[in-house]
>>> print(open('upload-v4.cif').read())   # mmCIF, C-alpha atoms
data_target
#
loop_
_atom_site.label_atom_id
_atom_site.label_comp_id
_atom_site.auth_asym_id
_atom_site.auth_seq_id
_atom_site.Cartn_x
_atom_site.Cartn_y
_atom_site.Cartn_z
CA MET A 1 -12.90 1.74 -1.73
CA ALA A 2 -10.50 0.26 0.75
CA ALA A 3 -6.87 -0.23 -0.11
CA SER A 4 -6.04 -3.72 -1.37
CA ARG A 5 -4.50 -6.40 0.82
CA ASP A 6 -1.36 -6.15 -1.28
CA PHE A 7 -1.01 -2.47 -0.46
CA VAL A 8 -1.75 -2.79 3.27
CA SER A 9 0.57 -5.80 3.69
CA ARG A 10 3.46 -4.09 1.92
CA LYS A 11 3.08 -0.86 3.88
CA LEU A 12 2.74 -2.77 7.14
CA HIS A 13 5.80 -4.87 6.28
CA SER A 14 7.82 -1.71 5.74
CA LEU A 15 6.53 -0.05 8.92
CA LEU A 16 7.03 -3.07 11.20
CA GLY A 17 10.63 -3.39 10.04
CA VAL A 18 11.34 0.00 11.59
CA ILE A 19 8.74 0.22 14.34
CA PRO A 20 9.05 -1.90 16.43
CA LEU A 21 11.68 -4.28 14.97
CA GLY A 22 14.40 -1.75 14.08
CA LEU A 23 14.01 -0.01 17.39
CA TYR A 24 14.13 -3.34 19.19
CA VAL A 25 17.35 -4.35 17.41
CA THR A 26 18.95 -1.04 18.38
CA GLN A 27 17.87 -1.47 21.99
CA HIS A 28 19.05 -5.10 22.06
CA LEU A 29 22.50 -4.20 20.72
CA THR A 30 22.75 -1.36 23.23
CA VAL A 31 22.00 -3.70 26.12
CA ASN A 32 24.53 -6.22 24.74
CA HIS A 33 27.12 -3.47 24.76
CA PHE A 34 27.07 -3.56 28.57
CA ALA A 35 29.22 -6.67 28.18
CA THR A 36 32.15 -4.38 27.35
CA ARG A 37 31.92 -3.14 30.97
CA GLY A 38 32.26 -6.62 32.40
CA PRO A 39 30.09 -9.61 33.32
CA GLU A 40 28.32 -7.88 36.24
CA ALA A 41 27.24 -4.90 34.17
CA PHE A 42 25.89 -7.20 31.42
CA ASN A 43 24.07 -9.48 33.86
CA GLU A 44 22.51 -6.50 35.58
CA ALA A 45 21.28 -4.99 32.29
CA ALA A 46 19.98 -8.35 31.03
CA HIS A 47 18.23 -8.94 34.31
CA PHE A 48 16.62 -5.51 34.12
CA MET A 49 15.21 -6.35 30.65
CA GLU A 50 14.00 -9.74 31.91
CA SER A 51 12.18 -8.19 34.83
CA LEU A 52 10.33 -5.51 32.86
CA PRO A 53 6.64 -5.47 33.75
CA PHE A 54 4.28 -7.10 31.20
CA ARG A 55 7.27 -8.99 29.82
CA TYR A 56 5.25 -11.58 27.88
CA LEU A 57 2.94 -8.96 26.35
CA LEU A 58 5.94 -6.87 25.33
CA GLU A 59 7.67 -9.91 23.84
CA ILE A 60 4.60 -10.99 21.91
CA PHE A 61 3.49 -7.63 20.54
CA VAL A 62 6.81 -5.81 20.19
CA ILE A 63 8.93 -8.73 19.04
CA PHE A 64 7.37 -12.03 18.02
CA LEU A 65 4.19 -11.09 16.14
CA PRO A 66 5.83 -8.27 14.12
CA LEU A 67 8.84 -10.53 13.52
CA LEU A 68 6.71 -13.42 12.26
CA PHE A 69 4.75 -11.22 9.87
CA HIS A 70 7.85 -9.39 8.64
CA ALA A 71 9.75 -12.66 8.12
CA ILE A 72 7.04 -14.63 6.36
CA TYR A 73 5.87 -11.80 4.12
CA GLY A 74 9.50 -10.83 3.52
CA VAL A 75 10.37 -14.27 2.16
CA TYR A 76 7.38 -14.02 -0.18
CA ILE A 77 8.63 -10.62 -1.41
CA ALA A 78 12.23 -11.80 -1.75
CA PHE A 79 11.34 -14.77 -3.93
CA GLN A 80 9.04 -12.71 -6.13
CA SER A 81 11.86 -10.56 -7.46
CA LYS A 82 14.03 -11.53 -10.40
CA ASN A 83 17.44 -10.16 -9.48
CA ASN A 84 19.43 -8.64 -12.32
CA VAL A 85 22.53 -7.01 -10.85
CA SER A 86 24.72 -8.56 -13.55
CA THR A 87 22.97 -6.47 -16.20
CA TYR A 88 22.07 -3.44 -14.10
CA GLY A 89 24.97 -3.03 -11.67
CA TYR A 90 23.81 0.26 -10.14
CA LEU A 91 24.29 0.96 -6.43
CA ARG A 92 20.58 0.91 -5.59
CA ASN A 93 20.03 -2.33 -7.48
CA TRP A 94 22.87 -3.91 -5.48
CA MET A 95 21.26 -2.63 -2.28
CA PHE A 96 17.93 -4.11 -3.43
CA TYR A 97 19.65 -7.47 -3.99
CA MET A 98 21.58 -7.35 -0.70
CA GLN A 99 18.41 -6.43 1.17
CA ARG A 100 16.95 -9.75 0.03
CA ILE A 101 20.10 -11.76 0.73
CA SER A 102 20.53 -10.19 4.17
CA GLY A 103 16.86 -10.83 4.89
CA VAL A 104 17.36 -14.57 4.36
CA ILE A 105 20.54 -14.50 6.49
CA VAL A 106 18.68 -12.70 9.28
CA LEU A 107 15.85 -15.22 9.15
CA ILE A 108 18.27 -18.13 9.62
CA PHE A 109 20.32 -16.31 12.26
CA VAL A 110 17.38 -15.06 14.31
CA THR A 111 15.63 -18.43 14.27
CA TRP A 112 18.79 -20.08 15.61
CA HIS A 113 19.46 -17.26 18.07
CA VAL A 114 15.91 -17.42 19.51
CA TRP A 115 16.25 -21.18 19.90
CA GLN A 116 19.66 -20.87 21.54
CA THR A 117 18.68 -18.16 24.02
CA ARG A 118 14.99 -17.39 24.52
CA ILE A 119 13.68 -20.93 24.10
CA GLN A 120 16.47 -22.33 26.27
CA ALA A 121 15.48 -19.71 28.87
CA ALA A 122 11.86 -20.87 28.68
CA MET A 123 13.14 -24.41 29.31
CA GLY A 124 14.95 -23.30 32.44
CA ALA A 125 18.37 -22.09 31.31
CA ASP A 126 19.74 -18.86 32.71
CA VAL A 127 20.44 -16.22 30.06
CA ASN A 128 23.56 -14.47 31.28
CA TYR A 129 27.14 -13.52 30.47
CA GLN A 130 28.35 -17.09 30.96
CA MET A 131 25.83 -18.45 28.46
CA MET A 132 27.17 -16.15 25.74
CA VAL A 133 30.77 -16.99 26.68
CA ASP A 134 29.95 -20.69 26.23
CA ILE A 135 28.24 -20.10 22.87
CA LEU A 136 30.93 -17.80 21.46
CA SER A 137 33.85 -19.95 22.63
CA ASN A 138 33.14 -22.01 19.52
CA PRO A 139 34.89 -20.15 16.64
CA GLY A 140 32.26 -21.38 14.16
CA MET A 141 29.54 -19.86 16.32
CA MET A 142 31.51 -16.63 16.60
CA ILE A 143 31.66 -16.32 12.81
CA PHE A 144 27.95 -17.20 12.58
CA TYR A 145 27.12 -14.47 15.11
CA ILE A 146 29.32 -11.87 13.40
CA VAL A 147 27.68 -12.57 10.04
CA GLY A 148 24.26 -12.58 11.69
CA VAL A 149 24.75 -9.28 13.50
CA ILE A 150 26.19 -7.47 10.47
CA GLY A 151 23.44 -8.92 8.25
CA THR A 152 20.76 -7.81 10.68
CA VAL A 153 22.15 -4.31 11.06
CA PHE A 154 22.49 -3.93 7.27
CA HIS A 155 18.96 -5.17 6.71
CA PHE A 156 17.67 -2.66 9.24
CA ALA A 157 19.68 0.33 7.99
CA ASN A 158 18.95 -0.26 4.31
CA GLY A 159 15.33 -1.09 5.14
CA LEU A 160 15.11 2.25 6.90
CA TRP A 161 16.15 3.91 3.62
CA SER A 162 13.38 2.05 1.77
CA PHE A 163 10.91 2.91 4.50
CA PHE A 164 11.53 6.62 3.92
CA VAL A 165 10.82 6.18 0.21
CA SER A 166 7.89 3.78 0.54
CA TRP A 167 6.01 6.02 2.92
CA GLY A 168 6.77 9.09 0.81
CA PHE A 169 9.06 11.00 3.18
CA THR A 170 12.06 11.25 0.83
CA VAL A 171 10.81 12.20 -2.63
CA THR A 172 13.62 14.15 -4.30
CA PRO A 173 16.79 12.38 -5.49
CA LYS A 174 18.73 14.76 -3.23
CA SER A 175 16.89 13.70 -0.07
CA GLN A 176 17.15 10.04 -1.07
CA ARG A 177 20.90 10.41 -1.53
CA ALA A 178 21.20 12.11 1.85
CA MET A 179 19.31 9.21 3.42
CA THR A 180 21.72 6.75 1.78
CA TYR A 181 24.56 8.42 3.73
CA VAL A 182 22.54 8.63 6.95
CA THR A 183 21.43 4.99 6.83
CA MET A 184 24.91 3.74 5.94
CA ALA A 185 26.28 5.70 8.90
CA ILE A 186 23.68 3.92 11.05
CA PHE A 187 24.83 0.61 9.56
CA LEU A 188 28.47 1.30 10.44
CA ALA A 189 27.71 2.63 13.92
CA LEU A 190 25.43 -0.25 14.90
CA SER A 191 27.89 -2.77 13.42
CA VAL A 192 30.61 -1.41 15.71
CA VAL A 193 28.27 -1.61 18.71
CA GLY A 194 27.25 -5.18 17.85
CA ILE A 195 30.75 -6.49 17.11
CA ARG A 196 32.28 -4.86 20.20
CA ALA A 197 29.66 -6.58 22.32
CA LEU A 198 30.38 -9.96 20.68
CA PHE A 199 34.11 -9.70 21.38
CA ALA A 200 33.41 -8.70 24.96
CA PHE A 201 32.35 -12.34 25.55
CA VAL A 202 35.69 -13.76 24.43
CA MET B 1 36.39 3.78 -49.30
CA SER B 2 36.26 0.84 -51.64
CA GLU B 3 37.13 -1.83 -49.05
CA GLU B 4 34.34 -4.20 -48.02
CA ARG B 5 33.22 -3.83 -44.40
CA ASN B 6 30.66 -6.05 -42.80
CA ILE B 7 28.50 -5.98 -39.72
CA THR B 8 27.69 -9.12 -37.76
CA LEU B 9 24.40 -9.44 -35.91
CA LYS B 10 23.51 -12.29 -33.55
CA ILE B 11 19.75 -12.36 -33.24
CA LYS B 12 17.66 -14.35 -30.78
CA ARG B 13 14.74 -15.53 -32.84
CA GLN B 14 11.47 -17.22 -32.04
CA ASP B 15 8.97 -18.36 -34.66
CA GLY B 16 5.87 -17.87 -32.54
CA PRO B 17 4.60 -17.24 -29.01
CA GLU B 18 4.81 -20.94 -28.08
CA SER B 19 7.93 -22.03 -29.98
CA SER B 20 11.37 -22.20 -28.44
CA PRO B 21 13.96 -19.50 -29.17
CA TYR B 22 17.13 -20.03 -31.23
CA GLU B 23 20.03 -17.86 -32.30
CA GLU B 24 20.78 -16.88 -35.86
CA THR B 25 23.80 -14.91 -37.09
CA PHE B 26 23.72 -12.50 -40.01
CA THR B 27 26.51 -10.70 -41.84
CA ILE B 28 25.50 -7.64 -43.80
CA PRO B 29 27.47 -4.98 -45.69
CA TYR B 30 28.32 -1.86 -43.73
CA ARG B 31 26.96 1.51 -44.79
CA GLN B 32 27.62 4.86 -43.17
CA ASN B 33 25.29 6.10 -40.38
CA MET B 34 23.44 2.80 -40.01
CA ASN B 35 21.23 2.14 -37.03
CA VAL B 36 19.93 -1.24 -35.85
CA ILE B 37 16.70 -0.69 -37.81
CA SER B 38 18.48 -0.12 -41.12
CA ALA B 39 20.53 -3.24 -40.38
CA LEU B 40 17.33 -5.21 -39.80
CA MET B 41 15.89 -3.75 -43.02
CA GLU B 42 18.97 -5.02 -44.87
CA ILE B 43 18.28 -8.52 -43.50
CA ARG B 44 14.66 -8.23 -44.54
CA ARG B 45 15.72 -7.20 -48.08
CA ASN B 46 17.95 -10.26 -48.36
CA PRO B 47 17.09 -12.85 -45.68
CA VAL B 48 20.21 -15.01 -45.86
CA ASN B 49 22.08 -15.93 -42.67
CA ALA B 50 25.83 -15.95 -42.09
CA LYS B 51 26.07 -19.58 -43.27
CA GLY B 52 24.57 -18.50 -46.61
CA GLU B 53 21.27 -20.29 -45.96
CA LYS B 54 18.00 -18.69 -46.99
CA THR B 55 15.88 -17.95 -43.95
CA THR B 56 12.78 -16.00 -42.95
CA PRO B 57 13.12 -12.24 -42.51
CA VAL B 58 13.50 -11.13 -38.88
CA VAL B 59 10.34 -9.63 -37.43
CA TRP B 60 10.48 -6.45 -35.35
CA GLU B 61 8.25 -3.47 -34.61
CA MET B 62 8.90 0.16 -35.48
CA GLY B 63 7.01 3.39 -35.83
CA CYS B 64 8.41 6.89 -35.61
CA LEU B 65 12.12 6.16 -36.12
CA GLU B 66 12.97 9.14 -33.87
CA GLU B 67 12.61 7.71 -30.36
CA VAL B 68 9.21 9.09 -29.49
CA CYS B 69 6.86 6.15 -30.16
CA GLY B 70 8.57 3.40 -28.14
CA ALA B 71 7.61 0.60 -30.53
CA CYS B 72 11.10 -0.56 -31.51
CA SER B 73 12.41 -1.38 -28.01
CA MET B 74 14.57 -4.49 -27.79
CA VAL B 75 17.56 -5.75 -25.84
CA ILE B 76 20.68 -4.58 -27.69
CA ASN B 77 24.03 -5.90 -26.42
CA GLY B 78 22.39 -6.79 -23.12
CA LYS B 79 20.53 -3.57 -22.39
CA PRO B 80 16.97 -2.62 -23.39
CA ARG B 81 16.70 0.45 -25.64
CA GLN B 82 15.16 1.68 -28.86
CA SER B 83 16.67 0.19 -31.99
CA CYS B 84 16.08 3.40 -33.99
CA THR B 85 18.57 5.38 -31.89
CA ALA B 86 21.02 2.48 -31.52
CA LEU B 87 23.67 3.62 -34.00
CA VAL B 88 25.80 0.81 -35.43
CA ASP B 89 28.99 2.93 -35.24
CA ARG B 90 28.59 3.16 -31.47
CA LEU B 91 27.83 -0.52 -30.85
CA GLU B 92 30.24 -3.28 -30.00
CA GLN B 93 30.30 -6.08 -32.58
CA PRO B 94 28.84 -8.60 -33.02
CA ILE B 95 25.63 -6.77 -32.27
CA ARG B 96 23.42 -8.99 -30.12
CA LEU B 97 19.68 -8.44 -30.53
CA GLU B 98 17.14 -10.07 -28.24
CA PRO B 99 13.46 -9.46 -27.52
CA MET B 100 12.65 -7.90 -24.13
CA THR B 101 12.12 -10.69 -21.58
CA THR B 102 9.39 -9.09 -19.46
CA PHE B 103 6.84 -9.27 -22.26
CA PRO B 104 5.51 -12.28 -24.19
CA VAL B 105 7.22 -12.69 -27.55
CA VAL B 106 4.96 -12.44 -30.59
CA ARG B 107 7.69 -13.34 -33.07
CA ASP B 108 11.47 -12.75 -33.13
CA LEU B 109 12.04 -9.26 -31.70
CA ALA B 110 8.37 -8.22 -31.59
CA VAL B 111 6.80 -8.42 -28.14
CA ASP B 112 3.31 -7.88 -26.78
CA ARG B 113 3.30 -4.88 -24.43
CA SER B 114 -0.39 -5.24 -23.51
CA ARG B 115 0.40 -5.35 -19.79
CA MET B 116 1.49 -1.71 -20.05
CA PHE B 117 -1.78 -0.68 -21.69
CA ASP B 118 -3.71 -2.67 -19.08
CA ALA B 119 -1.77 -0.85 -16.36
CA LEU B 120 -2.69 2.55 -17.85
CA LYS B 121 -6.35 1.51 -17.90
CA LYS B 122 -6.11 0.30 -14.32
CA VAL B 123 -4.87 3.66 -13.04
CA LYS B 124 -7.19 5.64 -15.36
CA ALA B 125 -4.32 7.46 -17.04
CA TRP B 126 -6.48 9.96 -18.91
CA ILE B 127 -8.55 13.09 -18.19
CA PRO B 128 -12.31 12.53 -18.53
CA ILE B 129 -13.75 15.63 -20.22
CA ASP B 130 -16.26 14.11 -22.65
CA GLY B 131 -19.85 15.16 -22.01
CA THR B 132 -23.01 16.47 -23.63
CA HIS B 133 -22.03 20.12 -23.76
CA ASP B 134 -18.97 22.36 -24.01
CA LEU B 135 -17.47 22.74 -20.55
CA GLY B 136 -15.38 25.74 -21.55
CA PRO B 137 -11.68 26.17 -20.82
CA GLY B 138 -10.26 24.39 -17.77
CA PRO B 139 -8.23 25.98 -14.99
CA ARG B 140 -4.77 27.26 -15.91
CA MET B 141 -1.65 25.37 -14.96
CA PRO B 142 1.21 27.13 -13.15
CA GLU B 143 4.30 27.40 -15.36
CA ASN B 144 6.68 25.80 -12.84
CA LYS B 145 4.42 22.77 -12.58
CA ARG B 146 4.04 22.58 -16.35
CA GLN B 147 7.79 22.36 -16.68
CA TRP B 148 8.21 19.18 -14.64
CA ALA B 149 4.92 17.70 -15.82
CA TYR B 150 6.15 18.06 -19.40
CA GLU B 151 9.08 15.80 -18.58
CA LEU B 152 6.66 13.12 -17.37
CA SER B 153 4.61 13.47 -20.55
CA LYS B 154 7.60 12.25 -22.59
CA CYS B 155 6.80 8.65 -21.59
CA MET B 156 6.25 6.58 -24.75
CA THR B 157 5.25 3.31 -23.05
CA CYS B 158 8.34 1.70 -24.59
CA GLY B 159 8.70 -0.91 -21.82
CA VAL B 160 12.38 -0.35 -21.01
CA CYS B 161 11.67 0.51 -17.34
CA LEU B 162 9.57 -2.63 -16.93
CA GLU B 163 12.31 -4.71 -18.55
CA ALA B 164 14.90 -3.28 -16.12
CA CYS B 165 12.70 -3.66 -13.03
CA PRO B 166 13.43 -6.79 -10.96
CA ASN B 167 9.89 -6.73 -9.58
CA VAL B 168 8.10 -6.77 -12.93
CA ASN B 169 8.09 -10.42 -13.99
CA SER B 170 5.89 -13.42 -14.52
CA ARG B 171 5.72 -14.03 -10.75
CA SER B 172 4.32 -10.58 -9.96
CA GLU B 173 1.37 -8.46 -11.01
CA PHE B 174 3.31 -5.20 -10.60
CA ILE B 175 2.11 -2.57 -13.08
CA GLY B 176 5.63 -1.11 -13.33
CA PRO B 177 7.12 2.38 -13.07
CA ALA B 178 5.64 3.90 -16.27
CA ALA B 179 2.00 3.80 -15.14
CA VAL B 180 2.91 5.14 -11.68
CA SER B 181 4.55 8.17 -13.27
CA GLN B 182 1.52 8.71 -15.50
CA VAL B 183 -0.70 9.00 -12.41
CA ARG B 184 1.59 11.78 -11.19
CA LEU B 185 1.32 13.46 -14.60
CA PHE B 186 -2.47 13.36 -14.78
CA ASN B 187 -2.90 14.26 -11.10
CA SER B 188 -0.73 17.34 -11.63
CA HIS B 189 -3.01 18.58 -14.40
CA PRO B 190 -5.57 21.13 -13.09
CA THR B 191 -8.49 19.33 -14.76
CA GLY B 192 -7.09 15.84 -14.19
CA GLU B 193 -6.66 16.67 -10.52
CA MET B 194 -10.46 16.59 -10.16
CA ASN B 195 -10.30 12.78 -10.46
CA LYS B 196 -7.04 12.24 -8.63
CA GLU B 197 -8.51 9.91 -5.99
CA GLU B 198 -9.69 7.44 -8.66
CA ARG B 199 -6.14 7.15 -10.02
CA LEU B 200 -4.65 6.79 -6.54
CA GLU B 201 -7.12 3.98 -5.83
CA GLY B 202 -5.82 2.27 -8.96
CA LEU B 203 -2.29 2.56 -7.62
CA MET B 204 -3.37 1.08 -4.29
CA ASP B 205 -4.99 -1.93 -5.94
CA GLU B 206 -3.41 -5.41 -6.29
CA GLY B 207 -0.18 -5.19 -8.30
CA GLY B 208 0.01 -1.48 -7.62
CA LEU B 209 2.64 0.91 -6.41
CA ALA B 210 3.39 -0.93 -3.16
CA ASN B 211 5.08 -3.68 -5.22
CA CYS B 212 7.98 -1.34 -5.96
CA GLY B 213 11.17 -2.56 -4.27
CA ASN B 214 13.22 0.64 -4.86
CA SER B 215 15.94 -0.94 -6.98
CA GLN B 216 15.76 2.30 -9.01
CA ASN B 217 16.83 0.56 -12.23
CA CYS B 218 13.93 2.31 -13.99
CA VAL B 219 15.28 5.82 -13.61
CA GLN B 220 18.73 4.65 -14.74
CA SER B 221 17.29 2.97 -17.82
CA CYS B 222 14.59 5.37 -19.06
CA PRO B 223 15.61 6.58 -22.56
CA LYS B 224 13.68 9.82 -22.04
CA GLY B 225 15.31 10.62 -18.69
CA ILE B 226 11.96 10.70 -16.88
CA PRO B 227 12.41 11.08 -13.08
CA LEU B 228 10.56 7.81 -12.47
CA THR B 229 11.78 7.24 -8.90
CA THR B 230 10.75 10.78 -7.95
CA SER B 231 7.31 9.99 -9.36
CA ILE B 232 7.21 6.71 -7.42
CA ALA B 233 8.14 8.42 -4.14
CA ALA B 234 5.68 11.26 -4.79
CA MET B 235 2.92 8.72 -5.39
CA ASN B 236 4.00 6.82 -2.28
CA ARG B 237 3.37 10.01 -0.35
CA ALA B 238 0.05 10.65 -2.10
CA THR B 239 -1.24 7.10 -1.51
CA SER B 240 -0.07 7.15 2.13
CA LEU B 241 -2.09 10.34 2.69
CA GLN B 242 -5.02 8.91 0.73
CA THR B 243 -5.06 5.85 3.01
CA PHE B 244 -5.41 8.08 6.06
CA LYS B 245 -8.09 10.17 4.33
CA ASN B 246 -10.02 7.04 3.38
CA PHE B 247 -9.83 5.58 6.87
CA PHE B 248 -10.31 8.64 9.06
CA GLY B 249 -12.48 10.57 6.63
CA SER B 250 -12.01 13.71 4.55
CA ASP B 251 -14.20 15.96 2.40
CA ARG B 252 -11.84 15.45 -0.50
#
>>> encode(input="upload-v4.cif", output="structure tokens")
Amino acid sequence: MAASRDFVSRKLHSLLGVIPLGLYVTQHLTVNHFATRGPEAFNEAAHFMESLPFRYLLEIFVIFLPLLFHAIYGVYIAFQSKNNVSTYGYLRNWMFYMQRISGVIVLIFVTWHVWQTRIQAAMGADVNYQMMVDILSNPGMMIFYIVGVIGTVFHFANGLWSFFVSWGFTVTPKSQRAMTYVTMAIFLALSVVGIRALFAFV
Amino acid sequence: MSEERNITLKIKRQDGPESSPYEETFTIPYRQNMNVISALMEIRRNPVNAKGEKTTPVVWEMGCLEEVCGACSMVINGKPRQSCTALVDRLEQPIRLEPMTTFPVVRDLAVDRSRMFDALKKVKAWIPIDGTHDLGPGPRMPENKRQWAYELSKCMTCGVCLEACPNVNSRSEFIGPAAVSQVRLFNSHPTGEMNKEERLEGLMDEGGLANCGNSQNCVQSCPKGIPLTTSIAAMNRATSLQTFKNFFGSDR
């Protein structure tokens, strides 16, 4: 008997969030961090990413298809749960709730971000340091990007914790607790990387 | 101790599965060492509400009265638990009693926990040993394994973990934590292990284990202290391996 569609979709959803999406987010934030070394360094790094061989294949299979599946199935999962943090205010239940809230934030942020950068690039705009300076010169946009980046990084780090449970790597409460610390350290570290990059465009 | 002391109970009542719920308040005389069940029995003996009106006795379920059968679960002051071990002296007043929300209400505080029994059937939570002749004694179980398996066997299908779980609700088919832990129990048994794949297949079916969202409310709420999230993670590992075995092939 084959595993049900439910089972395969859920496992795939969990896997895609880490590989490739989590790795991609980490790589993206690392490249952004070049902005702290000045406009030339950022433009050079961004240009290197743009000129990778098989760019469209990489974009489709590493970013857009996994992202679409993860986003659409994720919304389905998020709206299936009946959140109850007011009655059961435990840490993990809060994380469960925030995973769903951050997921919706990420969906809105990423949709806007893809429109503002990748789609504009496809329509002829040049994605470079100046483009981000123009976008982030608007304080409203700056706040939107800060919330978006922190939401994304949280969703990834906490999703990584769930991934380790859902695939059966961390079974004991001790290992799960250790992963809580590890993933929250990842959350803090990537938040610093992301926020530093954002302020490098001001 | 001649002074009169009273207990106030606010009970969410419902006359039948289809009727709408309403609240009724009762004031009953205090006695020493009362639990919620003896308070409900007092209401049943004299079904008069706080306004002095005659009403119908409140319906609830009970069995063992020592927290091993799971029948008397209800939401007491906001949290699901067994009413037999809910001691009046330790409860904030007025005591609020509600039926569990995850299950369909039969009447008042009595709910229909059939979805738990269906879940146990789905994952084949038993050991098939019936046959035409005596099979003799089964293999022995290592003592260290027996010790943790015994903890899992304390599950009384009371429904508290399903009530606490945000993913068990009318919008989802999720079987809930209890049945997942039972698969771990029966798969740890030396004779039960012989059919472990059948139970794992049940967990991998629609509404199975993958619906868990790791809120971990279950392990916080279980009245028997069963390590439900450890069972869930262990079964996550077992079903992950089973998927690979099914796809790539294995002799077992």
>>> interface_residues(input="upload-v4.cif", of="chain A", to="chain B", cutoff="9 Å", atoms="all atoms listed in the file", output="compact mmCIF listing (two decimals) with C-alpha atoms, in the frame of the given file")
# COMPACT_ATOMS: atom_id res chain seq x y z
CA MET A 1 -12.90 1.74 -1.73
CA ALA A 2 -10.50 0.26 0.75
CA ALA A 3 -6.87 -0.23 -0.11
CA SER A 4 -6.04 -3.72 -1.37
CA ARG A 5 -4.50 -6.40 0.82
CA ASP A 6 -1.36 -6.15 -1.28
CA PHE A 7 -1.01 -2.47 -0.46
CA VAL A 8 -1.75 -2.79 3.27
CA SER A 9 0.57 -5.80 3.69
CA ARG A 10 3.46 -4.09 1.92
CA LYS A 11 3.08 -0.86 3.88
CA ILE A 77 8.63 -10.62 -1.41
CA PHE A 79 11.34 -14.77 -3.93
CA GLN A 80 9.04 -12.71 -6.13
CA SER A 81 11.86 -10.56 -7.46
CA LYS A 82 14.03 -11.53 -10.40
CA ASN A 83 17.44 -10.16 -9.48
CA ASN A 84 19.43 -8.64 -12.32
CA THR A 87 22.97 -6.47 -16.20
CA TYR A 88 22.07 -3.44 -14.10
CA GLY A 89 24.97 -3.03 -11.67
CA TYR A 90 23.81 0.26 -10.14
CA LEU A 91 24.29 0.96 -6.43
CA ARG A 92 20.58 0.91 -5.59
CA ASN A 93 20.03 -2.33 -7.48
CA TRP A 94 22.87 -3.91 -5.48
CA MET A 95 21.26 -2.63 -2.28
CA PHE A 96 17.93 -4.11 -3.43
CA TYR A 97 19.65 -7.47 -3.99
CA SER A 162 13.38 2.05 1.77
CA PHE A 164 11.53 6.62 3.92
CA VAL A 165 10.82 6.18 0.21
CA SER A 166 7.89 3.78 0.54
CA TRP A 167 6.01 6.02 2.92
CA GLY A 168 6.77 9.09 0.81
CA PHE A 169 9.06 11.00 3.18
CA THR A 170 12.06 11.25 0.83
CA VAL A 171 10.81 12.20 -2.63
CA THR A 172 13.62 14.15 -4.30
CA PRO A 173 16.79 12.38 -5.49
>>> residues_near_point(input="upload-v4.cif", point="(10.6, 0.3, 9.7)", cutoff="12 Å", atoms="all atoms listed in the file", output="ChimeraX atom specification")
/A:10-25,66-67,70,155-167
>>> atom_distance(input="upload-v4.cif", atom1="CA of Val105 in chain B", atom2="CA of Glu61 in chain B")
11.7 Å
>>> resolve_selection(input="upload-v4.cif", expression="the PyMOL selection byres ((chain A and resi 145-148) around 9)", output="PDB file with C-alpha atoms, in the coordinates of the input")
ATOM      1  CA  SER A 102      20.530 -10.190   4.170  1.00  0.00           C
ATOM      2  CA  ILE A 105      20.540 -14.500   6.490  1.00  0.00           C
ATOM      3  CA  VAL A 106      18.680 -12.700   9.280  1.00  0.00           C
ATOM      4  CA  ILE A 108      18.270 -18.130   9.620  1.00  0.00           C
ATOM      5  CA  PHE A 109      20.320 -16.310  12.260  1.00  0.00           C
ATOM      6  CA  VAL A 110      17.380 -15.060  14.310  1.00  0.00           C
ATOM      7  CA  HIS A 113      19.460 -17.260  18.070  1.00  0.00           C
ATOM      8  CA  LEU A 136      30.930 -17.800  21.460  1.00  0.00           C
ATOM      9  CA  GLY A 140      32.260 -21.380  14.160  1.00  0.00           C
ATOM     10  CA  MET A 141      29.540 -19.860  16.320  1.00  0.00           C
ATOM     11  CA  MET A 142      31.510 -16.630  16.600  1.00  0.00           C
ATOM     12  CA  ILE A 143      31.660 -16.320  12.810  1.00  0.00           C
ATOM     13  CA  PHE A 144      27.950 -17.200  12.580  1.00  0.00           C
ATOM     14  CA  VAL A 149      24.750  -9.280  13.500  1.00  0.00           C
ATOM     15  CA  ILE A 150      26.190  -7.470  10.470  1.00  0.00           C
ATOM     16  CA  GLY A 151      23.440  -8.920   8.250  1.00  0.00           C
ATOM     17  CA  THR A 152      20.760  -7.810  10.680  1.00  0.00           C
ATOM     18  CA  VAL A 153      22.150  -4.310  11.060  1.00  0.00           C
ATOM     19  CA  GLY A 194      27.250  -5.180  17.850  1.00  0.00           C
ATOM     20  CA  ILE A 195      30.750  -6.490  17.110  1.00  0.00           C
ATOM     21  CA  LEU A 198      30.380  -9.960  20.680  1.00  0.00           C
TER      22      LEU A 198
END
>>> atom_distance(input="upload-v4.cif", atom1="CA of Pro177 in chain B", atom2="CA of Cys161 in chain B")
6.5 Å
>>> closest_residue(input="upload-v4.cif", among="B:Val48, B:Val183, B:Cys155, B:Val58", to="Val106 in chain B", atoms="all atoms listed in the file")
B:Val58
